[in-house]
>>> print(open('start33.cif').read())   # mmCIF, C-alpha atoms (C1' of nucleotides) and all ligand atoms
data_query
loop_
_atom_site.label_atom_id
_atom_site.label_comp_id
_atom_site.auth_asym_id
_atom_site.auth_seq_id
_atom_site.Cartn_x
_atom_site.Cartn_y
_atom_site.Cartn_z
CA MET L 244 -5.75 -110.22 42.48
CA ARG L 245 -6.09 -106.96 40.58
CA ILE L 246 -3.48 -105.43 38.30
CA GLY L 247 -2.11 -103.08 40.98
CA GLN L 248 -1.34 -106.00 43.26
CA LEU L 249 0.37 -107.94 40.49
CA SER L 250 2.31 -104.81 39.60
CA ALA L 251 3.51 -104.43 43.19
CA ASP L 252 4.30 -108.14 43.54
CA CYS L 253 6.42 -108.26 40.41
CA ASP L 254 7.77 -104.73 40.60
CA CYS L 255 6.52 -104.08 37.10
CA PRO L 256 4.55 -101.01 36.01
CA VAL L 257 0.83 -101.50 35.46
CA GLU L 258 1.17 -100.14 31.92
CA THR L 259 3.77 -102.74 31.08
CA ILE L 260 1.51 -105.55 32.24
CA ARG L 261 -1.32 -104.27 30.06
CA TYR L 262 1.17 -103.86 27.23
CA TYR L 263 2.37 -107.48 27.53
CA GLU L 264 -1.23 -108.64 27.44
CA LYS L 265 -1.95 -106.48 24.41
CA ILE L 266 0.93 -107.87 22.36
CA GLY L 267 0.03 -111.40 23.43
CA LEU L 268 3.06 -112.15 25.59
CA LEU L 269 1.03 -112.47 28.77
CA PRO L 270 -2.16 -114.59 28.68
CA GLN L 271 -5.38 -112.55 28.78
CA ALA L 272 -6.54 -111.68 32.26
CA VAL L 273 -9.95 -112.85 33.40
CA ARG L 274 -12.36 -109.92 33.63
CA ARG L 275 -14.55 -109.20 36.65
CA ALA L 276 -18.09 -107.91 36.35
CA ASN L 277 -16.85 -104.33 36.55
CA GLY L 278 -14.33 -104.87 33.76
CA TYR L 279 -11.27 -105.00 36.02
CA ARG L 280 -8.58 -107.53 35.14
CA SER L 281 -8.22 -110.42 37.58
CA TYR L 282 -5.02 -112.42 37.98
CA ASP L 283 -4.00 -115.65 39.69
CA GLU L 284 -0.74 -117.42 40.50
CA MET L 285 -0.42 -118.69 36.95
CA HIS L 286 -0.38 -115.18 35.61
CA ARG L 287 2.18 -114.12 38.18
CA LYS L 288 4.47 -116.96 37.11
CA TRP L 289 4.20 -115.99 33.45
CA LEU L 290 4.88 -112.35 34.15
CA GLN L 291 7.96 -113.25 36.16
CA PHE L 292 9.09 -115.54 33.39
CA ILE L 293 8.86 -112.62 30.97
CA LEU L 294 10.55 -110.18 33.34
CA ARG L 295 13.43 -112.57 34.07
CA SER L 296 13.92 -113.19 30.37
CA ARG L 297 13.91 -109.46 29.62
CA ALA L 298 16.44 -108.90 32.43
CA LEU L 299 18.70 -111.36 30.60
CA GLY L 300 18.44 -109.19 27.52
CA PHE L 301 16.18 -111.44 25.44
CA SER L 302 14.24 -109.47 22.86
CA GLN L 303 10.46 -109.60 22.81
CA ASP L 304 10.63 -111.98 19.88
CA GLU L 305 13.06 -114.23 21.75
CA VAL L 306 10.85 -114.12 24.84
CA ARG L 307 7.95 -115.20 22.66
CA GLN L 308 9.97 -118.19 21.48
CA LEU L 309 10.85 -118.97 25.08
CA THR L 310 7.25 -118.81 26.24
CA ASP L 311 6.22 -120.95 23.26
CA LEU L 312 8.72 -123.55 24.39
CA ALA L 313 7.64 -123.22 28.00
CA HIS L 314 4.03 -123.79 26.98
CA GLN L 315 4.91 -127.26 25.72
CA GLN L 316 4.55 -130.01 28.29
CA ARG L 317 8.04 -131.27 27.49
CA PRO L 318 10.20 -128.50 26.02
CA ALA L 319 13.06 -129.89 23.94
CA CYS L 320 16.33 -129.15 25.70
CA ALA L 321 18.12 -128.73 22.36
CA ASP L 322 15.76 -125.93 21.33
CA VAL L 323 16.30 -124.05 24.56
CA TYR L 324 20.04 -124.55 24.29
CA GLU L 325 20.06 -123.18 20.76
CA LEU L 326 18.02 -120.14 21.76
CA LEU L 327 20.40 -119.43 24.62
CA ASP L 328 23.38 -119.90 22.34
CA ALA L 329 22.05 -117.45 19.76
CA HIS L 330 21.30 -114.88 22.42
CA ILE L 331 24.66 -115.26 24.12
CA ASN L 332 26.07 -114.48 20.71
CA ASP L 333 23.90 -111.35 20.50
CA VAL L 334 25.20 -110.21 23.87
CA GLN L 335 28.79 -111.04 22.99
CA THR L 336 28.56 -109.03 19.79
CA LYS L 337 27.23 -106.01 21.65
CA ILE L 338 29.99 -106.27 24.24
CA ARG L 339 32.66 -106.38 21.53
CA GLU L 340 31.15 -103.35 19.81
CA LEU L 341 31.03 -101.39 23.05
CA LYS L 342 34.59 -102.32 23.94
CA ARG L 343 35.71 -101.09 20.53
CA MET L 344 33.96 -97.80 21.25
CA ARG L 345 35.44 -97.52 24.72
CA LEU L 346 38.96 -97.98 23.40
CA ALA L 347 38.46 -95.42 20.64
CA LEU L 348 36.91 -92.98 23.12
CA SER L 349 39.75 -93.38 25.61
CA ARG L 350 42.31 -92.72 22.89
CA LEU L 351 40.38 -89.63 21.86
CA GLN L 352 40.09 -88.41 25.42
CA ALA L 353 43.82 -88.89 25.99
CA GLN L 354 44.42 -86.21 23.37
CA CYS L 355 42.70 -83.77 25.66
CA HIS L 356 45.26 -84.09 28.46
CA ASP L 357 42.78 -83.54 31.31
CA GLY L 358 40.95 -80.84 29.42
CA THR L 359 43.66 -78.29 30.04
CA LEU L 360 44.59 -77.64 26.42
CA HIS L 361 43.63 -74.33 24.91
CA ASP L 362 42.86 -75.84 21.52
CA CYS L 363 41.02 -79.16 21.72
CA PRO L 364 42.21 -81.61 19.06
CA VAL L 365 39.24 -83.96 19.49
CA ILE L 366 36.89 -81.89 17.37
CA ASP L 367 39.45 -81.76 14.56
CA GLU L 368 39.89 -85.50 14.83
CA LEU L 369 36.16 -86.07 14.48
CA MET L 370 35.93 -83.72 11.51
CA GLY L 371 38.54 -85.82 9.74
CA MET J 185 26.96 -82.56 -5.42
CA ARG J 186 23.52 -84.13 -5.08
CA ILE J 187 22.34 -86.27 -2.19
CA GLY J 188 23.08 -89.57 -3.93
CA GLN J 189 26.72 -88.62 -4.37
CA LEU J 190 27.05 -87.55 -0.74
CA SER J 191 25.36 -90.78 0.30
CA ALA J 192 27.88 -92.83 -1.72
CA ASP J 193 30.84 -90.77 -0.50
CA CYS J 194 29.95 -91.14 3.16
CA ASP J 195 28.40 -94.59 2.93
CA CYS J 196 25.26 -93.28 4.57
CA PRO J 197 21.69 -93.91 3.33
CA VAL J 198 19.99 -91.02 1.56
CA GLU J 199 17.08 -91.21 4.00
CA THR J 200 19.43 -90.79 6.94
CA ILE J 201 20.93 -87.65 5.41
CA ARG J 202 17.48 -86.15 4.91
CA TYR J 203 16.61 -87.22 8.44
CA TYR J 204 19.67 -85.50 9.92
CA GLU J 205 18.73 -82.34 8.07
CA LYS J 206 15.15 -82.58 9.27
CA ILE J 207 16.10 -82.83 12.94
CA GLY J 208 18.63 -80.04 12.52
CA LEU J 209 21.82 -82.04 13.01
CA LEU J 210 23.06 -81.42 9.51
CA PRO J 211 22.92 -77.83 8.15
CA GLN J 212 20.24 -77.26 5.54
CA ALA J 213 21.28 -78.13 2.01
CA VAL J 214 21.19 -75.42 -0.64
CA ARG J 215 18.35 -76.07 -3.09
CA ARG J 216 18.73 -76.02 -6.86
CA ALA J 217 16.10 -74.61 -9.20
CA ASN J 218 14.47 -78.05 -9.48
CA GLY J 219 14.27 -78.46 -5.71
CA TYR J 220 17.12 -80.97 -5.45
CA ARG J 221 19.46 -80.62 -2.46
CA SER J 222 22.97 -79.45 -3.29
CA TYR J 223 25.97 -80.19 -1.06
CA ASP J 224 29.56 -79.00 -0.83
CA GLU J 225 32.68 -80.05 1.07
CA MET J 226 31.49 -78.34 4.22
CA HIS J 227 28.36 -80.50 4.31
CA ARG J 228 30.44 -83.62 3.71
CA LYS J 229 32.66 -82.72 6.68
CA TRP J 230 29.67 -82.23 8.96
CA LEU J 231 28.05 -85.45 7.90
CA GLN J 232 31.25 -87.35 8.57
CA PHE J 233 31.54 -85.66 11.94
CA ILE J 234 28.06 -86.90 12.79
CA LEU J 235 28.71 -90.40 11.46
CA ARG J 236 32.00 -90.73 13.34
CA SER J 237 30.34 -89.56 16.53
CA ARG J 238 27.46 -92.02 16.09
CA ALA J 239 29.97 -94.80 15.45
CA LEU J 240 31.45 -93.98 18.85
CA GLY J 241 28.02 -94.50 20.36
CA PHE J 242 27.19 -90.87 21.10
CA SER J 243 23.45 -90.30 21.27
CA GLN J 244 21.80 -87.78 18.99
CA ASP J 245 21.63 -85.38 21.88
CA GLU J 246 25.32 -85.83 22.62
CA VAL J 247 26.15 -85.38 18.95
CA ARG J 248 24.20 -82.15 19.03
CA GLN J 249 26.31 -80.95 21.96
CA LEU J 250 29.45 -81.97 20.08
CA THR J 251 28.42 -80.11 16.94
CA ASP J 252 27.52 -77.08 19.06
CA LEU J 253 31.04 -77.15 20.49
CA ALA J 254 32.54 -77.72 17.07
CA HIS J 255 30.69 -74.69 15.71
CA GLN J 256 32.54 -72.44 18.15
CA GLN J 257 35.72 -70.97 16.76
CA ARG J 258 37.62 -72.08 19.86
CA PRO J 259 35.90 -75.02 21.54
CA ALA J 260 36.80 -75.28 25.22
CA CYS J 261 38.86 -78.37 25.79
CA ALA J 262 37.36 -78.90 29.23
CA ASP J 263 33.84 -79.10 27.76
CA VAL J 264 34.86 -81.69 25.21
CA TYR J 265 36.70 -83.65 27.86
CA GLU J 266 33.65 -83.65 30.10
CA LEU J 267 31.38 -84.80 27.29
CA LEU J 268 33.76 -87.63 26.48
CA ASP J 269 33.98 -88.56 30.13
CA ALA J 270 30.22 -88.74 30.55
CA HIS J 271 29.86 -90.85 27.43
CA ILE J 272 32.67 -93.22 28.38
CA ASN J 273 30.67 -93.72 31.54
CA ASP J 274 27.55 -94.51 29.49
CA VAL J 275 29.47 -97.09 27.51
CA GLN J 276 31.07 -98.57 30.61
CA THR J 277 27.69 -98.97 32.27
CA LYS J 278 26.30 -100.79 29.25
CA ILE J 279 29.30 -103.09 29.15
CA ARG J 280 28.88 -103.99 32.80
CA GLU J 281 25.19 -104.71 32.29
CA LEU J 282 25.89 -106.92 29.28
CA LYS J 283 28.63 -108.80 31.11
CA ARG J 284 26.23 -109.46 33.95
CA MET J 285 23.77 -110.89 31.45
CA ARG J 286 26.41 -112.97 29.72
CA LEU J 287 27.48 -114.55 32.98
CA ALA J 288 23.89 -115.35 33.99
CA LEU J 289 23.16 -116.75 30.54
CA SER J 290 26.24 -118.97 30.58
CA ARG J 291 25.29 -120.35 33.97
CA LEU J 292 21.81 -121.05 32.68
CA GLN J 293 23.10 -122.70 29.53
CA ALA J 294 25.43 -124.89 31.54
CA GLN J 295 22.36 -126.51 33.10
CA CYS J 296 21.43 -127.76 29.64
CA HIS J 297 24.55 -129.93 29.27
CA ASP J 298 24.86 -129.50 25.50
CA GLY J 299 21.14 -129.74 24.99
CA THR J 300 21.08 -133.48 25.50
CA LEU J 301 18.82 -133.56 28.53
CA HIS J 302 15.32 -134.86 28.11
CA ASP J 303 13.84 -132.39 30.55
CA CYS J 304 15.26 -128.90 30.21
CA PRO J 305 15.72 -127.19 33.60
CA VAL J 306 16.17 -123.73 32.11
CA ILE J 307 12.47 -123.14 31.62
CA ASP J 308 11.80 -124.10 35.24
CA GLU J 309 14.56 -121.78 36.37
CA LEU J 310 13.02 -118.88 34.48
CA MET J 311 9.56 -119.63 35.86
CA GLY J 312 10.98 -119.30 39.36
"C1'" DG S 198 9.47 -86.56 -30.02
"C1'" DC S 199 8.97 -89.97 -26.79
"C1'" DT S 200 9.81 -93.17 -23.32
"C1'" DA S 201 12.52 -95.94 -19.92
"C1'" DG S 202 15.20 -95.66 -16.03
"C1'" DA S 203 17.72 -93.40 -12.58
"C1'" DC S 204 17.46 -90.00 -9.64
"C1'" DC S 205 15.08 -86.64 -6.61
"C1'" DC S 206 11.02 -84.70 -3.66
"C1'" DT S 207 7.46 -84.81 0.39
"C1'" DG S 208 5.02 -86.98 3.83
"C1'" DT S 209 3.52 -90.80 6.44
"C1'" DA S 210 3.89 -95.12 8.77
"C1'" DG S 211 6.65 -98.84 10.73
"C1'" DT S 212 10.29 -100.54 13.94
"C1'" DT S 213 11.52 -101.83 19.54
"C1'" DA S 214 9.92 -101.85 24.02
"C1'" DC S 215 7.87 -99.44 26.44
"C1'" DT S 216 6.02 -94.81 28.98
"C1'" DA S 217 2.87 -91.06 29.69
"C1'" DC S 218 -1.13 -89.04 29.48
"C1'" DA S 219 -6.36 -87.81 28.80
"C1'" DA S 220 -10.91 -88.78 29.74
"C1'" DG S 221 -13.66 -91.50 31.98
"C1'" DG S 222 -15.81 -95.61 35.15
"C1'" DT S 223 -15.81 -98.08 40.07
"C1'" DC S 224 -15.55 -98.55 44.78
"C1'" DA S 225 -14.65 -98.07 49.90
"C1'" DA S 226 -14.14 -94.75 53.62
"C1'" DG S 227 -15.36 -90.71 56.09
"C1'" DC W 298 -22.15 -87.61 49.00
"C1'" DT W 299 -17.83 -86.59 47.99
"C1'" DT W 300 -12.94 -87.58 47.99
"C1'" DG W 301 -9.36 -90.47 46.58
"C1'" DA W 302 -7.39 -94.62 45.09
"C1'" DC W 303 -7.94 -97.68 41.82
"C1'" DC W 304 -9.35 -99.34 37.26
"C1'" DT W 305 -10.61 -98.84 32.00
"C1'" DT W 306 -9.62 -97.48 26.98
"C1'" DG W 307 -7.18 -95.22 23.51
"C1'" DT W 308 -3.75 -92.27 21.70
"C1'" DA W 309 0.70 -90.16 21.41
"C1'" DG W 310 5.48 -89.83 22.64
"C1'" DT W 311 10.43 -91.71 23.05
"C1'" DA W 312 15.35 -93.01 19.91
"C1'" DA W 313 17.14 -93.32 15.65
"C1'" DC W 314 16.22 -94.44 11.95
"C1'" DT W 315 13.95 -97.27 7.70
"C1'" DA W 316 10.59 -98.14 4.18
"C1'" DC W 317 7.37 -96.96 1.31
"C1'" DA W 318 3.69 -94.34 -1.60
"C1'" DG W 319 2.89 -91.10 -4.90
"C1'" DG W 320 4.79 -87.85 -7.35
"C1'" DG W 321 8.42 -84.64 -10.14
"C1'" DT W 322 13.02 -84.30 -13.09
"C1'" DC W 323 16.53 -85.37 -16.11
"C1'" DT W 324 19.34 -87.96 -19.43
"C1'" DA W 325 19.99 -91.47 -23.01
"C1'" DG W 326 18.46 -94.28 -26.61
"C1'" DC W 327 15.22 -95.26 -30.47
ZN ZN Z 401 18.06 -127.55 28.36
ZN ZN Z 402 19.10 -112.07 21.70
ZN ZN Z 403 40.22 -81.40 24.50
ZN ZN Z 404 26.59 -91.25 25.84
#
>>> encode(input="start33.cif", output="structure tokens")
Amino acid sequence: MRIGQLSADCDCPVETIRYYEKIGLLPQAVRRANGYRSYDEMHRKWLQFILRSRALGFSQDEVRQLTDLAHQQRPACADVYELLDAHINDVQTKIRELKRMRLALSRLQAQCHDGTLHDCPVIDELMG
Amino acid sequence: MRIGQLSADCDCPVETIRYYEKIGLLPQAVRRANGYRSYDEMHRKWLQFILRSRALGFSQDEVRQLTDLAHQQRPACADVYELLDAHINDVQTKIRELKRMRLALSRLQAQCHDGTLHDCPVIDELMG
DNA sequence: GCTAGACCCTGTAGTTACTACAAGGTCAAG
DNA sequence: CTTGACCTTGTAGTAACTACAGGGTCTAGC
């Protein structure tokens, strides 16, 4: 299949597919006589692997480690577990940070009293 | 004061200060005869305003809107409130997304059973 | 007087993970 | 034979900085 078909199948922009190939995440496509990229089921699987990993928030570097593991005939469970653990930690850290922000923002917003005040204290608060 | 002093005072890298000036977030520094930037209390206040806003997760564009409001002699409370509201929504959306990931990741990791399996099912799961 | 070191300047390139062209080649249908 | 959909490459843009390279300035010590 050509790149447009793969793009439609995986709901992934054509440019992104080319980009993944360029940075070496996706294996090189076979080229037809006219220069068009040609894909098979194997490529589709890899692309979906990448897309699923990205949807779970794995960074490109982490996805590369995952694909490296997946390329082995018998990926070590401990390695995968560790990778997951580290990334769950990444996600947890981000959640904590965002919750901290949300709390601070809510407190700030409460000073506004529904935006009905004539002199907003939030700006003063931010100026310190 | 010179840029190094401001940097130390606000715990903000020198490059970031120059960057904020370049993109017009921070008002231009006065230049001395030798070309060095010179700052006063007013600059320090603005920089802290920016840094506090960034720490609350406001984007550069949102910070620009905040500074625009702060520049007015009587910022409208409703405008500030609205800006806060929109950003709290941004943060909330990110939190939800990350929680979704965390749940999916935990489920995936549970299939590993402490990484003691000989054949890791996670890779298969990601391949689809 | 001279030099070492700390500080400052500009401008450019790198980061992450794409996205959006511009300028051109290929192919099937009408 | 031309229109339009598809494909190619390469470059530049996004957010929000960060890291130099290559230079100028100033102060302290010898
Ligand atoms: Zn496993
Ligand atoms: Zn991660
Ligand atoms: Zn208010
Ligand atoms: Zn926001």
>>> closest_atom_pairs(input="start33.cif", of="chain J", to="ligand ZN 401 (chain Z)", cutoff="6 Å", atoms="only C-alpha atoms and all ligand atoms", output="JSON lines")
{"residue": "J:Cys296", "atom": "CA", "partner": "Z:ZN401", "partner_atom": "ZN", "distance": 3.6}
{"residue": "J:Gly299", "atom": "CA", "partner": "Z:ZN401", "partner_atom": "ZN", "distance": 5.1}
{"residue": "J:Cys304", "atom": "CA", "partner": "Z:ZN401", "partner_atom": "ZN", "distance": 3.6}
{"residue": "J:Pro305", "atom": "CA", "partner": "Z:ZN401", "partner_atom": "ZN", "distance": 5.8}
{"residue": "J:Val306", "atom": "CA", "partner": "Z:ZN401", "partner_atom": "ZN", "distance": 5.7}
>>> residues_near_ligand(input="start33.cif", ligand="ligand ZN 402 (chain Z)", cutoff="7 Å", atoms="all atoms listed in the file", output="list of chain:residue names")
L:Gly300, L:Phe301, L:Ser302, L:Glu305, L:Ala329, L:His330, L:Ile331, L:Asp333, L:Val334
>>> write_last_selection(input="start33.cif", atoms="C-alpha atoms", output="PDB file, in the coordinates of the input")
ATOM      1  CA  GLY L 300      18.440-109.190  27.520  1.00  0.00           C
ATOM      2  CA  PHE L 301      16.180-111.440  25.440  1.00  0.00           C
ATOM      3  CA  SER L 302      14.240-109.470  22.860  1.00  0.00           C
ATOM      4  CA  GLU L 305      13.060-114.230  21.750  1.00  0.00           C
ATOM      5  CA  ALA L 329      22.050-117.450  19.760  1.00  0.00           C
ATOM      6  CA  HIS L 330      21.300-114.880  22.420  1.00  0.00           C
ATOM      7  CA  ILE L 331      24.660-115.260  24.120  1.00  0.00           C
ATOM      8  CA  ASP L 333      23.900-111.350  20.500  1.00  0.00           C
ATOM      9  CA  VAL L 334      25.200-110.210  23.870  1.00  0.00           C
TER      10      VAL L 334
END
>>> atom_distance(input="start33.cif", atom1="CA of Ile207 (chain J)", atom2="CA of Asp252 (chain J)")
14.2 Å
>>> interface_residues(input="start33.cif", of="chain L", to="chain S", cutoff="9 Å", atoms="all atoms listed in the file", output="list in words")
Glu258, Thr259, Tyr262, Asn277, Ser302 and Gln303 of chain L
>>> interface_residues(input="start33.cif", of="chain L", to="chain J", cutoff="6 Å", atoms="all atoms listed in the file", output="list in words")
Lys288, Phe292, Leu299, Cys320, Ala321, Tyr324, Ile338, Met344, Gly358, Leu360, Cys363, Leu369 and Met370 of chain L
>>> write_last_selection(input="start33.cif", atoms="C-alpha atoms", output="tab-separated table (two decimals), keeping the file's coordinate frame")
chain	number	residue	atom	x	y	z
L	288	LYS	CA	4.47	-116.96	37.11
L	292	PHE	CA	9.09	-115.54	33.39
L	299	LEU	CA	18.70	-111.36	30.60
L	320	CYS	CA	16.33	-129.15	25.70
L	321	ALA	CA	18.12	-128.73	22.36
L	324	TYR	CA	20.04	-124.55	24.29
L	338	ILE	CA	29.99	-106.27	24.24
L	344	MET	CA	33.96	-97.80	21.25
L	358	GLY	CA	40.95	-80.84	29.42
L	360	LEU	CA	44.59	-77.64	26.42
L	363	CYS	CA	41.02	-79.16	21.72
L	369	LEU	CA	36.16	-86.07	14.48
L	370	MET	CA	35.93	-83.72	11.51
>>> interface_residues(input="start33.cif", of="chain L", to="chain W", cutoff="10 Å", atoms="only C-alpha atoms (C1' of nucleotides)", output="PyMOL selection string")
chain L and resi 245-247+277-280
>>> atom_distance(input="start33.cif", atom1="CA of Gln248 (chain L)", atom2="CA of Ser281 (chain L)")
10.0 Å
>>> atom_distance(input="start33.cif", atom1="CA of Thr277 (chain J)", atom2="CA of Asp254 (chain L)")
22.3 Å
>>> decode(input="start33.cif", residues="region 264-353 of chain L", atoms="C-alpha atoms", output="mmCIF file, in the first residue's frame")
data_model
loop_
_atom_site.group_PDB
_atom_site.id
_atom_site.type_symbol
_atom_site.label_atom_id
_atom_site.label_comp_id
_atom_site.auth_asym_id
_atom_site.auth_seq_id
_atom_site.Cartn_x
_atom_site.Cartn_y
_atom_site.Cartn_z
ATOM 1 C CA GLU L 264 10.908 7.117 8.922
ATOM 2 C CA LYS L 265 13.351 10.005 8.748
ATOM 3 C CA ILE L 266 14.270 9.832 12.437
ATOM 4 C CA GLY L 267 14.553 6.058 12.223
ATOM 5 C CA LEU L 268 11.563 5.125 14.377
ATOM 6 C CA LEU L 269 9.709 3.465 11.524
ATOM 7 C CA PRO L 270 11.628 1.023 9.293
ATOM 8 C CA GLN L 271 12.399 2.374 5.813
ATOM 9 C CA ALA L 272 9.632 1.867 3.300
ATOM 10 C CA VAL L 273 10.343 -0.130 0.179
ATOM 11 C CA ARG L 274 10.451 2.138 -2.862
ATOM 12 C CA ARG L 275 8.551 1.475 -6.093
ATOM 13 C CA ALA L 276 9.990 2.220 -9.503
ATOM 14 C CA ASN L 277 8.448 5.690 -9.451
ATOM 15 C CA GLY L 278 9.965 6.497 -6.061
ATOM 16 C CA TYR L 279 6.727 6.115 -4.088
ATOM 17 C CA ARG L 280 6.975 4.469 -0.673
ATOM 18 C CA SER L 281 5.376 1.029 -0.423
ATOM 19 C CA TYR L 282 4.155 -0.464 2.851
ATOM 20 C CA ASP L 283 2.996 -3.867 4.046
ATOM 21 C CA GLU L 284 1.351 -5.271 7.162
ATOM 22 C CA MET L 285 4.621 -5.243 9.052
ATOM 23 C CA HIS L 286 4.950 -1.520 8.595
ATOM 24 C CA ARG L 287 1.373 -0.981 9.689
ATOM 25 C CA LYS L 288 2.031 -2.916 12.891
ATOM 26 C CA TRP L 289 5.109 -0.852 13.678
ATOM 27 C CA LEU L 290 3.352 2.413 13.037
ATOM 28 C CA GLN L 291 0.515 1.407 15.323
ATOM 29 C CA PHE L 292 3.009 0.357 17.949
ATOM 30 C CA ILE L 293 4.538 3.832 17.793
ATOM 31 C CA LEU L 294 1.169 5.592 17.800
ATOM 32 C CA ARG L 295 -0.112 3.580 20.765
ATOM 33 C CA SER L 296 3.071 4.296 22.679
ATOM 34 C CA ARG L 297 2.847 8.011 21.913
ATOM 35 C CA ALA L 298 -0.808 8.012 23.035
ATOM 36 C CA LEU L 299 0.437 6.676 26.376
ATOM 37 C CA GLY L 300 2.731 9.664 26.634
ATOM 38 C CA PHE L 301 6.028 7.896 25.964
ATOM 39 C CA SER L 302 8.640 10.275 24.596
ATOM 40 C CA GLN L 303 10.296 9.578 21.273
ATOM 41 C CA ASP L 304 13.351 8.341 23.117
ATOM 42 C CA GLU L 305 11.238 6.022 25.241
ATOM 43 C CA VAL L 306 9.423 4.757 22.146
ATOM 44 C CA ARG L 307 12.806 4.016 20.620
ATOM 45 C CA GLN L 308 13.711 1.935 23.670
ATOM 46 C CA LEU L 309 10.369 0.162 23.402
ATOM 47 C CA THR L 310 10.829 -0.631 19.724
ATOM 48 C CA ASP L 311 14.376 -1.808 20.448
ATOM 49 C CA LEU L 312 12.957 -4.216 23.001
ATOM 50 C CA ALA L 313 10.169 -5.253 20.668
ATOM 51 C CA HIS L 314 12.714 -6.027 17.953
ATOM 52 C CA GLN L 315 14.270 -8.706 20.147
ATOM 53 C CA GLN L 316 12.826 -12.164 19.665
ATOM 54 C CA ARG L 317 12.355 -12.530 23.421
ATOM 55 C CA PRO L 318 12.079 -9.126 25.108
ATOM 56 C CA ALA L 319 13.033 -9.288 28.784
ATOM 57 C CA CYS L 320 9.954 -8.666 30.884
ATOM 58 C CA ALA L 321 12.024 -6.895 33.548
ATOM 59 C CA ASP L 322 13.257 -4.319 31.030
ATOM 60 C CA VAL L 323 9.745 -3.540 29.855
ATOM 61 C CA TYR L 324 8.536 -3.338 33.428
ATOM 62 C CA GLU L 325 11.294 -0.899 34.315
ATOM 63 C CA LEU L 326 10.552 1.290 31.303
ATOM 64 C CA LEU L 327 6.881 1.384 32.232
ATOM 65 C CA ASP L 328 7.745 2.165 35.823
ATOM 66 C CA ALA L 329 9.982 5.084 34.873
ATOM 67 C CA HIS L 330 7.351 6.488 32.555
ATOM 68 C CA ILE L 331 4.541 6.103 35.068
ATOM 69 C CA ASN L 332 6.752 8.167 37.313
ATOM 70 C CA ASP L 333 7.101 10.811 34.583
ATOM 71 C CA VAL L 334 3.339 10.973 34.249
ATOM 72 C CA GLN L 335 2.792 11.054 37.996
ATOM 73 C CA THR L 336 5.222 13.939 38.366
ATOM 74 C CA LYS L 337 3.426 15.935 35.684
ATOM 75 C CA ILE L 338 0.068 15.277 37.321
ATOM 76 C CA ARG L 339 1.348 16.487 40.689
ATOM 77 C CA GLU L 340 2.762 19.631 39.109
ATOM 78 C CA LEU L 341 -0.487 20.376 37.319
ATOM 79 C CA LYS L 342 -2.535 19.780 40.448
ATOM 80 C CA ARG L 343 -0.317 22.215 42.318
ATOM 81 C CA MET L 344 -0.996 24.774 39.588
ATOM 82 C CA ARG L 345 -4.718 24.130 39.610
ATOM 83 C CA LEU L 346 -4.927 24.680 43.355
ATOM 84 C CA ALA L 347 -2.913 27.895 43.179
ATOM 85 C CA LEU L 348 -5.011 29.111 40.244
ATOM 86 C CA SER L 349 -8.293 28.370 42.014
ATOM 87 C CA ARG L 350 -7.138 30.281 45.084
ATOM 88 C CA LEU L 351 -6.163 33.188 42.871
ATOM 89 C CA GLN L 352 -9.449 33.108 41.013
ATOM 90 C CA ALA L 353 -11.395 33.062 44.285
#
